[in-house]
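File shown: work_7.tsv. Contents: TSV, C-alpha atoms.
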```tsv
chain	number	residue	atom	x	y	z
J	105	MET	CA	111.87	74.29	88.69
J	106	PRO	CA	111.03	71.57	86.10
J	107	PHE	CA	109.77	72.67	82.71
J	108	ALA	CA	108.89	70.81	79.53
J	109	GLN	CA	109.36	72.47	76.16
J	110	VAL	CA	106.42	71.37	74.02
J	111	ASP	CA	107.12	73.03	70.67
J	112	ASP	CA	109.74	74.83	68.60
J	113	LEU	CA	108.49	78.22	69.85
J	114	ASN	CA	109.95	77.67	73.32
J	115	THR	CA	106.49	77.09	74.81
J	116	GLN	CA	107.01	75.59	78.25
J	117	LEU	CA	104.77	73.82	80.75
J	118	PHE	CA	105.70	73.83	84.44
J	119	TYR	CA	105.21	70.51	86.22
J	120	GLN	CA	105.90	68.76	89.52
J	121	ASP	CA	106.94	65.11	89.64
J	122	SER	CA	106.66	62.68	92.57
J	123	GLY	CA	109.53	60.70	91.05
J	124	VAL	CA	110.04	57.03	90.25
J	125	PRO	CA	108.19	54.89	92.82
J	126	THR	CA	110.51	52.89	95.07
J	127	LEU	CA	107.95	50.44	96.50
J	128	ASP	CA	109.42	47.61	94.42
J	129	ASP	CA	111.10	47.03	91.08
J	130	LYS	CA	107.89	46.22	89.18
J	131	PRO	CA	106.91	48.52	86.30
J	132	TYR	CA	105.05	51.58	87.56
J	133	THR	CA	102.44	53.64	85.78
J	134	THR	CA	102.61	57.41	85.35
J	135	LEU	CA	99.59	59.63	85.96
J	136	VAL	CA	99.60	63.19	84.60
J	137	VAL	CA	97.06	65.44	86.33
J	138	VAL	CA	95.69	68.66	84.82
J	139	HIS	CA	94.06	71.27	87.05
J	140	GLY	CA	90.85	73.25	86.55
J	141	LEU	CA	89.75	76.88	86.48
J	142	GLY	CA	91.54	79.34	88.73
J	143	TYR	CA	93.42	76.70	90.75
J	144	ASN	CA	96.91	75.67	89.65
J	145	SER	CA	98.60	72.29	90.01
J	146	HIS	CA	99.54	72.95	93.64
J	147	ILE	CA	95.95	72.04	94.57
J	148	PHE	CA	97.15	68.42	94.12
J	149	HIS	CA	100.36	68.72	96.14
J	150	ARG	CA	99.04	66.54	98.99
J	151	LEU	CA	98.91	63.58	96.59
J	152	HIS	CA	102.63	63.56	95.82
J	153	ARG	CA	103.74	61.96	99.08
J	154	ILE	CA	101.08	59.27	98.71
J	155	ALA	CA	102.16	58.55	95.15
J	156	ALA	CA	105.78	58.17	96.19
J	157	ALA	CA	104.79	55.20	98.37
J	158	SER	CA	102.70	53.53	95.65
J	159	HIS	CA	103.18	52.12	92.16
J	160	VAL	CA	102.07	55.40	90.60
J	161	ARG	CA	104.35	58.20	89.46
J	162	LEU	CA	102.36	61.42	89.79
J	163	VAL	CA	102.98	64.41	87.54
J	164	THR	CA	100.95	67.59	88.07
J	165	LEU	CA	101.33	70.35	85.52
J	166	ASN	CA	100.25	73.94	85.06
J	167	ARG	CA	98.35	74.67	81.89
J	168	ARG	CA	99.28	77.61	79.66
J	169	GLY	CA	98.60	80.94	81.30
J	170	TYR	CA	99.17	79.62	84.84
J	171	ALA	CA	102.22	80.29	87.00
J	172	GLY	CA	105.44	78.89	85.56
J	173	SER	CA	103.96	77.93	82.19
J	174	THR	CA	104.18	80.12	79.10
J	175	PRO	CA	101.42	82.76	79.05
J	176	PHE	CA	99.27	83.20	75.98
J	177	SER	CA	100.36	85.87	73.53
J	178	GLU	CA	98.00	88.52	72.22
J	179	ALA	CA	98.16	86.84	68.81
J	180	GLU	CA	96.81	83.64	70.40
J	181	THR	CA	93.97	85.25	72.35
J	182	LEU	CA	92.88	88.04	69.99
J	183	PRO	CA	90.77	85.77	67.74
J	184	ILE	CA	88.83	84.39	70.75
J	185	ASP	CA	88.34	87.68	72.60
J	186	PRO	CA	84.66	88.73	72.31
J	187	SER	CA	85.58	92.40	72.72
J	188	THR	CA	87.50	92.33	69.41
J	189	VAL	CA	84.59	90.98	67.37
J	190	SER	CA	82.34	93.64	65.92
J	191	ILE	CA	79.79	92.73	63.28
J	192	SER	CA	77.40	95.23	61.75
J	193	THR	CA	74.10	93.84	60.50
J	194	GLU	CA	70.78	95.24	59.45
J	195	ASP	CA	68.93	92.84	61.71
J	196	GLY	CA	69.93	94.40	64.99
J	197	THR	CA	71.86	93.37	68.08
J	198	ALA	CA	70.42	89.88	68.53
J	199	SER	CA	71.50	88.76	65.07
J	200	ALA	CA	74.90	90.34	65.50
J	201	THR	CA	75.43	88.49	68.79
J	202	THR	CA	74.52	85.15	67.24
J	203	ARG	CA	76.92	85.63	64.36
J	204	SER	CA	79.62	86.84	66.71
J	205	ASN	CA	79.35	83.69	68.84
J	206	ARG	CA	79.56	81.52	65.72
J	207	VAL	CA	82.76	83.23	64.62
J	208	LEU	CA	84.21	83.03	68.11
J	209	SER	CA	83.35	79.33	68.34
J	210	GLY	CA	85.25	78.62	65.15
J	211	HIS	CA	88.35	80.33	66.46
J	212	TYR	CA	87.95	78.73	69.89
J	213	MET	CA	87.78	75.29	68.28
J	214	THR	CA	91.23	75.91	66.79
J	215	PHE	CA	92.43	77.22	70.15
J	216	MET	CA	91.36	74.02	71.92
J	217	GLN	CA	92.87	71.87	69.17
J	218	GLN	CA	96.18	73.57	69.87
J	219	ARG	CA	95.82	72.91	73.61
J	220	GLY	CA	95.20	69.25	72.89
J	221	ALA	CA	98.32	69.11	70.73
J	222	GLU	CA	100.36	70.69	73.51
J	223	MET	CA	99.10	68.02	75.90
J	224	ALA	CA	100.11	65.22	73.51
J	225	ARG	CA	103.54	66.77	73.06
J	226	PHE	CA	103.99	67.06	76.82
J	227	LEU	CA	103.21	63.36	77.27
J	228	VAL	CA	105.69	62.35	74.57
J	229	TRP	CA	108.30	64.73	75.98
J	230	PHE	CA	107.93	63.15	79.42
J	231	ILE	CA	107.97	59.61	78.02
J	232	GLU	CA	111.20	60.22	76.13
J	233	ASN	CA	113.01	62.30	78.73
J	234	GLU	CA	112.08	60.18	81.74
J	235	ARG	CA	112.21	56.83	79.92
J	236	ILE	CA	109.10	55.55	81.62
J	237	PRO	CA	108.09	51.88	81.13
J	238	PRO	CA	105.67	51.24	78.24
J	239	ARG	CA	102.11	50.10	78.74
J	240	SER	CA	101.70	46.39	79.37
J	241	ASP	CA	98.58	44.93	77.76
J	242	CYS	CA	99.16	41.45	79.23
J	243	ASN	CA	99.36	42.30	82.91
J	244	THR	CA	97.62	39.70	85.07
J	245	GLU	CA	97.70	41.84	88.20
J	246	SER	CA	94.81	44.13	89.14
J	247	ARG	CA	96.95	47.25	89.25
J	248	ALA	CA	98.08	49.17	86.21
J	249	SER	CA	101.46	48.25	84.81
J	250	GLY	CA	103.63	50.70	82.88
J	251	GLY	CA	102.44	53.36	80.52
J	252	ILE	CA	101.05	56.81	81.12
J	253	SER	CA	97.52	58.08	81.82
J	254	LEU	CA	96.03	61.56	81.68
J	255	LEU	CA	93.57	62.96	84.23
J	256	GLY	CA	91.67	66.20	83.92
J	257	TRP	CA	89.93	67.82	86.88
J	258	SER	CA	86.99	70.19	86.55
J	259	LEU	CA	87.49	72.56	83.59
J	260	GLY	CA	90.84	70.87	82.89
J	261	ASN	CA	88.84	68.10	81.21
J	262	ALA	CA	88.25	70.39	78.25
J	263	THR	CA	92.01	70.32	77.61
J	264	THR	CA	92.62	66.62	78.26
J	265	LEU	CA	89.63	65.54	76.15
J	266	SER	CA	90.82	67.85	73.37
J	267	MET	CA	93.87	65.63	73.04
J	268	LEU	CA	91.61	62.66	72.26
J	269	ALA	CA	89.15	64.69	70.22
J	270	PHE	CA	91.70	66.10	67.80
J	271	ALA	CA	94.26	63.26	67.86
J	272	SER	CA	93.60	62.43	64.20
J	273	THR	CA	94.76	65.93	63.22
J	274	PHE	CA	98.10	65.74	65.06
J	275	ASP	CA	101.45	64.74	63.61
J	276	PRO	CA	101.21	60.97	62.93
J	277	GLY	CA	104.78	60.56	64.14
J	278	LEU	CA	103.81	62.08	67.49
J	279	MET	CA	100.85	59.73	67.83
J	280	LYS	CA	103.02	56.75	66.91
J	281	LYS	CA	105.30	57.58	69.84
J	282	LEU	CA	102.40	58.05	72.23
J	283	GLU	CA	100.29	55.02	71.31
J	284	PRO	CA	102.44	52.29	73.00
J	285	TYR	CA	102.34	54.21	76.29
J	286	LEU	CA	98.96	55.90	76.70
J	287	ARG	CA	96.76	53.77	78.96
J	288	LYS	CA	93.73	55.78	80.13
J	289	VAL	CA	92.14	59.18	80.00
J	290	ILE	CA	90.43	59.92	83.31
J	291	ILE	CA	87.60	62.43	83.63
J	292	PHE	CA	87.51	63.74	87.19
J	293	ASP	CA	84.39	65.59	88.39
J	294	PRO	CA	83.88	68.14	85.60
J	295	PRO	CA	81.00	70.64	85.71
J	296	HIS	CA	78.41	70.27	82.99
J	297	ALA	CA	79.79	73.30	81.11
J	298	ALA	CA	83.23	71.68	80.73
J	299	LEU	CA	81.58	68.88	78.73
J	300	GLY	CA	79.50	71.28	76.67
J	301	TYR	CA	76.11	70.60	78.26
J	302	PRO	CA	73.68	73.53	78.46
J	303	THR	CA	72.87	75.17	81.77
J	304	PRO	CA	69.30	74.37	82.87
J	305	GLU	CA	66.85	77.16	83.53
J	306	ASN	CA	66.40	78.27	87.14
J	307	SER	CA	69.75	76.78	88.16
J	308	TYR	CA	71.92	78.42	90.78
J	309	ASN	CA	75.47	79.73	90.82
J	310	PRO	CA	76.69	82.42	93.24
J	311	LEU	CA	78.58	84.18	90.46
J	312	LEU	CA	75.23	84.95	88.83
J	313	ASP	CA	73.21	85.64	91.96
J	314	PRO	CA	71.79	89.20	91.76
J	315	GLU	CA	71.19	89.20	95.50
J	316	ILE	CA	74.94	88.97	96.16
J	317	ARG	CA	77.01	92.11	95.79
J	318	VAL	CA	79.43	91.87	92.87
J	319	GLU	CA	82.53	92.15	95.04
J	320	GLU	CA	81.30	89.29	97.24
J	321	ARG	CA	80.45	86.84	94.48
J	322	GLN	CA	83.94	85.38	93.98
J	323	PRO	CA	84.57	84.44	97.64
J	324	ARG	CA	81.00	83.16	97.92
J	325	PHE	CA	81.56	81.05	94.81
J	326	MET	CA	84.78	79.58	96.21
J	327	ALA	CA	82.98	78.55	99.39
J	328	TRP	CA	80.03	77.15	97.42
J	329	VAL	CA	81.99	75.15	94.84
J	330	SER	CA	84.18	73.57	97.54
J	331	SER	CA	81.30	72.66	99.86
J	332	TYR	CA	79.60	69.31	100.45
J	333	PHE	CA	76.00	68.77	99.29
J	334	VAL	CA	73.42	66.13	100.15
J	335	HIS	CA	71.63	65.16	96.93
J	336	SER	CA	68.63	62.87	96.57
J	337	PRO	CA	69.54	59.18	96.12
J	338	SER	CA	67.40	59.32	92.95
J	339	VAL	CA	70.15	61.20	91.10
J	340	ARG	CA	72.04	57.89	90.79
J	341	ASP	CA	69.14	56.13	89.07
J	342	PRO	CA	69.65	56.18	85.28
J	343	ALA	CA	65.85	56.07	84.93
J	344	THR	CA	65.49	59.46	86.63
J	345	PRO	CA	64.88	62.10	83.90
J	346	LEU	CA	67.55	64.79	83.68
J	347	ARG	CA	64.90	67.51	83.96
J	348	ASP	CA	64.02	66.23	87.45
J	349	LEU	CA	67.59	66.61	88.66
J	350	THR	CA	67.52	70.39	88.66
J	351	ASN	CA	63.93	70.51	89.85
J	352	GLY	CA	64.76	69.52	93.39
J	353	LEU	CA	66.72	66.26	93.31
J	354	LEU	CA	70.08	68.02	93.13
J	355	GLU	CA	70.75	70.34	96.05
J	356	GLN	CA	71.94	73.61	94.54
J	357	ARG	CA	72.09	76.06	97.43
J	358	VAL	CA	72.09	74.47	100.89
J	359	MET	CA	75.52	73.22	101.87
J	360	ASN	CA	75.94	70.30	104.26
J	361	PRO	CA	76.30	72.04	107.65
J	362	SER	CA	78.18	69.09	109.17
J	363	LYS	CA	81.14	69.50	106.81
J	364	LYS	CA	83.25	72.59	106.24
J	365	SER	CA	84.00	73.71	102.73
J	366	THR	CA	87.52	73.20	101.45
J	367	ALA	CA	87.91	76.97	101.15
J	368	ALA	CA	87.29	77.27	104.91
J	369	HIS	CA	90.40	75.16	105.52
J	370	PHE	CA	92.68	77.32	103.39
J	371	THR	CA	95.16	79.39	105.33
J	372	ALA	CA	96.23	82.63	103.67
J	373	PRO	CA	99.56	81.14	102.44
J	374	ALA	CA	97.78	78.01	101.13
J	375	ALA	CA	95.25	80.09	99.21
J	376	ILE	CA	98.06	82.07	97.60
J	377	GLU	CA	99.79	78.85	96.52
J	378	VAL	CA	96.80	77.12	94.93
J	379	VAL	CA	94.81	80.03	93.48
J	380	SER	CA	96.11	81.61	90.29
J	381	GLN	CA	95.38	85.25	89.71
J	382	ARG	CA	96.65	85.08	86.13
J	383	ASN	CA	95.15	82.36	83.96
J	384	GLY	CA	94.19	81.59	80.39
J	385	ASP	CA	90.60	80.56	81.00
J	386	MET	CA	88.78	83.88	80.76
J	387	PHE	CA	87.51	82.89	77.31
J	388	ALA	CA	86.22	79.47	78.43
J	389	LEU	CA	83.21	80.94	80.21
J	390	GLY	CA	81.40	82.58	77.29
J	391	GLU	CA	78.48	81.13	75.36
J	392	HIS	CA	80.78	80.60	72.36
J	393	ALA	CA	82.68	77.94	74.33
J	394	ARG	CA	79.73	75.58	74.89
J	395	PRO	CA	79.43	74.22	71.31
J	396	VAL	CA	83.20	73.76	71.24
J	397	PHE	CA	83.23	71.72	74.45
J	398	GLU	CA	80.24	69.76	73.16
J	399	ALA	CA	82.16	68.91	69.99
J	400	VAL	CA	85.24	67.97	72.03
J	401	ARG	CA	83.17	65.61	74.19
J	402	THR	CA	81.53	64.02	71.16
J	403	ARG	CA	84.74	63.57	69.18
J	404	ALA	CA	86.66	62.20	72.19
J	405	ILE	CA	84.13	59.58	73.26
J	406	PHE	CA	81.89	58.80	70.29
J	407	GLY	CA	82.48	57.50	66.80
J	408	ASN	CA	80.79	58.88	63.70
J	409	LEU	CA	78.77	56.37	61.70
J	410	ASN	CA	79.88	58.10	58.51
J	411	GLU	CA	83.52	57.34	59.29
J	412	THR	CA	85.63	54.22	59.79
J	413	TYR	CA	84.43	52.08	62.70
J	414	GLY	CA	86.24	52.76	65.95
J	415	PRO	CA	88.45	55.67	66.98
J	416	PRO	CA	91.05	56.05	64.21
J	417	VAL	CA	93.82	57.14	66.58
J	418	LEU	CA	94.70	55.71	70.01
J	419	PRO	CA	92.06	52.96	69.71
J	420	LYS	CA	93.18	51.14	72.88
J	421	VAL	CA	92.63	54.13	75.14
J	422	ASP	CA	89.54	53.81	77.34
J	423	ILE	CA	88.03	56.32	79.73
J	424	SER	CA	87.41	56.22	83.47
J	425	TYR	CA	84.99	58.79	84.88
J	426	ILE	CA	85.29	59.67	88.59
J	427	TRP	CA	82.37	61.62	90.02
J	428	CYS	CA	82.11	62.87	93.58
J	429	THR	CA	78.78	62.08	95.22
J	430	ASP	CA	78.71	65.20	97.44
J	431	SER	CA	80.02	67.59	94.80
J	432	VAL	CA	78.35	70.73	93.51
J	433	TRP	CA	75.22	70.05	91.42
J	434	GLU	CA	76.94	71.02	88.15
J	435	ALA	CA	79.34	68.09	88.45
J	436	VAL	CA	76.67	65.50	89.27
J	437	LEU	CA	74.56	66.75	86.36
J	438	ALA	CA	77.56	66.32	84.03
J	439	MET	CA	77.95	62.69	85.07
J	440	ARG	CA	74.29	61.87	84.54
J	441	SER	CA	74.20	63.73	81.23
J	442	LEU	CA	77.10	61.71	79.84
J	443	GLN	CA	75.53	58.48	81.09
J	444	GLN	CA	72.40	59.37	79.15
J	445	ASP	CA	74.41	60.22	76.03
J	446	ILE	CA	76.14	56.85	76.14
J	447	ALA	CA	72.79	55.09	76.52
J	448	SER	CA	71.28	57.17	73.70
J	449	PRO	CA	74.15	58.54	71.57
J	450	PRO	CA	73.84	61.73	69.50
J	451	ASP	CA	72.49	61.26	65.99
J	452	TYR	CA	74.82	59.30	63.66
J	453	HIS	CA	77.17	58.49	66.55
J	454	TYR	CA	77.96	55.49	68.75
J	455	PRO	CA	80.10	55.02	71.89
J	456	ALA	CA	83.56	54.36	70.47
J	457	ARG	CA	85.42	54.19	73.77
J	458	SER	CA	84.55	52.29	76.89
J	459	VAL	CA	83.60	54.63	79.75
J	460	ARG	CA	83.65	53.26	83.31
J	461	PHE	CA	81.95	55.38	85.97
J	462	ILE	CA	83.40	55.39	89.49
J	463	ALA	CA	81.53	57.01	92.39
J	464	LEU	CA	83.82	58.65	94.91
J	465	GLU	CA	81.54	58.31	97.92
J	466	GLY	CA	81.32	61.31	100.21
J	467	GLY	CA	83.67	63.36	98.08
J	468	ASN	CA	83.22	67.01	97.25
J	469	HIS	CA	84.73	68.80	94.25
J	470	PHE	CA	88.02	69.27	96.15
J	471	ILE	CA	88.29	65.84	97.74
J	472	HIS	CA	91.92	65.56	96.57
J	473	TYR	CA	92.73	68.42	98.96
J	474	ASP	CA	90.41	67.45	101.84
J	475	ASP	CA	91.06	63.70	101.77
J	476	PRO	CA	94.00	62.90	99.48
J	477	LEU	CA	94.10	59.23	100.52
J	478	LYS	CA	90.49	58.69	99.44
J	479	ALA	CA	91.06	60.60	96.20
J	480	PHE	CA	94.23	58.69	95.37
J	481	ALA	CA	92.45	55.38	95.98
J	482	ALA	CA	89.88	56.44	93.36
J	483	PHE	CA	92.66	57.41	90.95
J	484	ALA	CA	94.28	53.99	91.41
J	485	GLN	CA	90.94	52.30	90.76
J	486	ALA	CA	90.48	54.37	87.61
J	487	LEU	CA	93.87	53.21	86.34
J	488	GLU	CA	92.98	49.52	86.60
```

Target encoding C-alpha cells, full file:
Amino acid sequence: MPFAQVDDLNTQLFYQDSGVPTLDDKPYTTLVVVHGLGYNSHIFHRLHRIAAASHVRLVTLNRRGYAGSTPFSEAETLPIDPSTVSISTEDGTASATTRSNRVLSGHYMTFMQQRGAEMARFLVWFIENERIPPRSDCNTESRASGGISLLGWSLGNATTLSMLAFASTFDPGLMKKLEPYLRKVIIFDPPHAALGYPTPENSYNPLLDPEIRVEERQPRFMAWVSSYFVHSPSVRDPATPLRDLTNGLLEQRVMNPSKKSTAAHFTAPAAIEVVSQRNGDMFALGEHARPVFEAVRTRAIFGNLNETYGPPVLPKVDISYIWCTDSVWEAVLAMRSLQQDIASPPDYHYPARSVRFIALEGGNHFIHYDDPLKAFAAFAQALE
C-alpha cells in the first residue's frame, strides 16, 4: 500500500496512483483528488482506468483520519472538541455558547492551517519522489502540460482551499519547491457549508428532519445527497437573487424519479469500500466551523486591499470550479454564492485569482461514480 510521509512526526497519507500515462511521450499532468465527508478515496476508483489511457496521472488520497492515513491524536482534536469547552458566565447559556464557538473557531482555524500544510507537503513529496514533469507555461496545445493540480470534492474543498489560504504562512522553502509545478486548484461541487456560507432558513436536509426517525436519518441522507434533482433554469441566471433560490427555484426534497440515486447502485461490498466509519470530520459540522471555512474561502480566492496587490504566494495558480447541474441544492447554492461574491467582493477585498466555472450537465453529486467518463472529461476541461 502506498503511503507518503508528510512531516517529521511520521504522519502518513494513504494514496492510490494511476501511474505514468503511456498514451505518448509528451509531458503529462498530475491531478491529486481529495475526497469529501464520510467517503474515502475509493469513491474515485472508477476514474483510474480512464486516467491511465489519457495524459493525466490521477492520484487519489485519504485525508487524515480515514483508512490508511494517520488518525488524529487526542492532542490534535481536544482543542476543537466542543464537549471539552466549558465557560462559566453571569449572562447565561446563550452568552456562554457564543463565547465557546469563538474559542473553538480560533482553534479550528489553526487545525485547518495544519491540514493545508499537510496537503502542500504531500504535493512536494509526490513531486520529488515521482519526478513528475514541471508545469509548462508556454504550451500551445489545449490540454494541460506537466505540473500538478489539486482537486477537492465536497467537504474536501475545505482542506484543498486551506493550502491556498494559508500558503503565506508555510515554510518558504516548501513553497519554492511547489511553485514551478502547481498548475490549478479545482473546486468540485462543494456544499455551501464547505465554503463557509450560512444555511438559509427553511432549508431541507434529511439529517435534520424531525419527521424522520433518528436511526433512519443517515441512510435517508445518503440516498438524498446522491440523488438527481431538477432545478429551475433560473438558478443559472446571475441576476436571480440568492434568496429566491431556496424559495422554490432549487428543488430540495423531490428527487428525479427517472434516475436512481448513486447509493441505490452500491452493493454491500462497494459500500464498505467507499464509506469510512472512522473519519476526522466530526468537528467540521458545528457552527464554529462556518467562520473558519468562510475565512479559508476569502483568503484562498480574494486579495485584501490593505495588503500587497495579488496573492503573495503561488500567484500563477488559478481556480476552476466544477458544479453539477443536477446535484443537491446545497452544492448549486454554493456555486451561485461564490459567483455573487466574485461579482461583489467582500468589503476591502478583490478577486485575486481567476475562477472559471464549468457546468457538468446532468451530473449529480456523485457523478464520478455514476458516470466516470463524463466526470473525467470535466476534470480534463478544468485542467486546461

(Q) I'd like the contact shell of Met326 in chain J - 12 Å cut-off, all atoms listed in the file, skipping same-chain residues fewer than 2 positions apart - returned as a list in words. (A) Leu141, Gly142, Tyr143, Asn309, Pro310, Leu311, Glu320, Arg321, Gln322, Pro323, Arg324, Trp328, Val329, Ser330, Ser331, Ser365, Thr366, Ala367, Ala368, His369, Phe370, Ala375, Val379, Val432, His469 and Phe470 of chain J

Q) For the point (97.3, 59.3, 79.6) in file coordinates, what residues are within 8 Å, counting only C-alpha atoms? Give the answer as an MDAnalysis selection string? A) chainID J and resid 135:136 227 251:255 285:290

With range 434-450 of chain J as the partner and 9 Å as the cut-off, tabulate the residues of range 285-328 of chain J that qualify, each row holding the nearest pair of atoms and their distance in Å to one decimal, using only C-alpha atoms, sorted by chain and rising number, as a tab-separated table.
```
residue	atom	partner	partner_atom	distance
J:Asp293	CA	J:Ala435	CA	5.6
J:Pro294	CA	J:Ala435	CA	5.4
J:Pro295	CA	J:Ala435	CA	4.1
J:His296	CA	J:Ala438	CA	4.2
J:Ala297	CA	J:Ala438	CA	7.9
J:Ala298	CA	J:Ala438	CA	8.5
J:Leu299	CA	J:Ala438	CA	7.1
J:Tyr301	CA	J:Ala438	CA	7.3
J:Thr303	CA	J:Glu434	CA	8.6
```

Q.
Is it possible to get the residues within 12 Å of (104.3, 80.8, 87.1) (coordinates as in the file, counting all atoms listed in the file) written as number ranges by chain?
A. J: 105-107, 116-119, 144-146, 165-175, 377-383

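Closest approach to Leu418 in chain J among J:Glu283, J:Glu180, J:Asp112, J:Asp475 is made by J:Glu283 (distances from only C-alpha atoms).
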
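Going from CA of Ile147 in chain J to CA of Gly466 in chain J covers 19.0 Å.
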
Q. Neighbours of range 262-277 of chain J within 6 Å (all atoms listed in the file; same-chain residues fewer than 2 positions away dropped), as number ranges by chain?
A. J: 220, 256, 259-260, 279-280, 298, 400, 403-404, 417
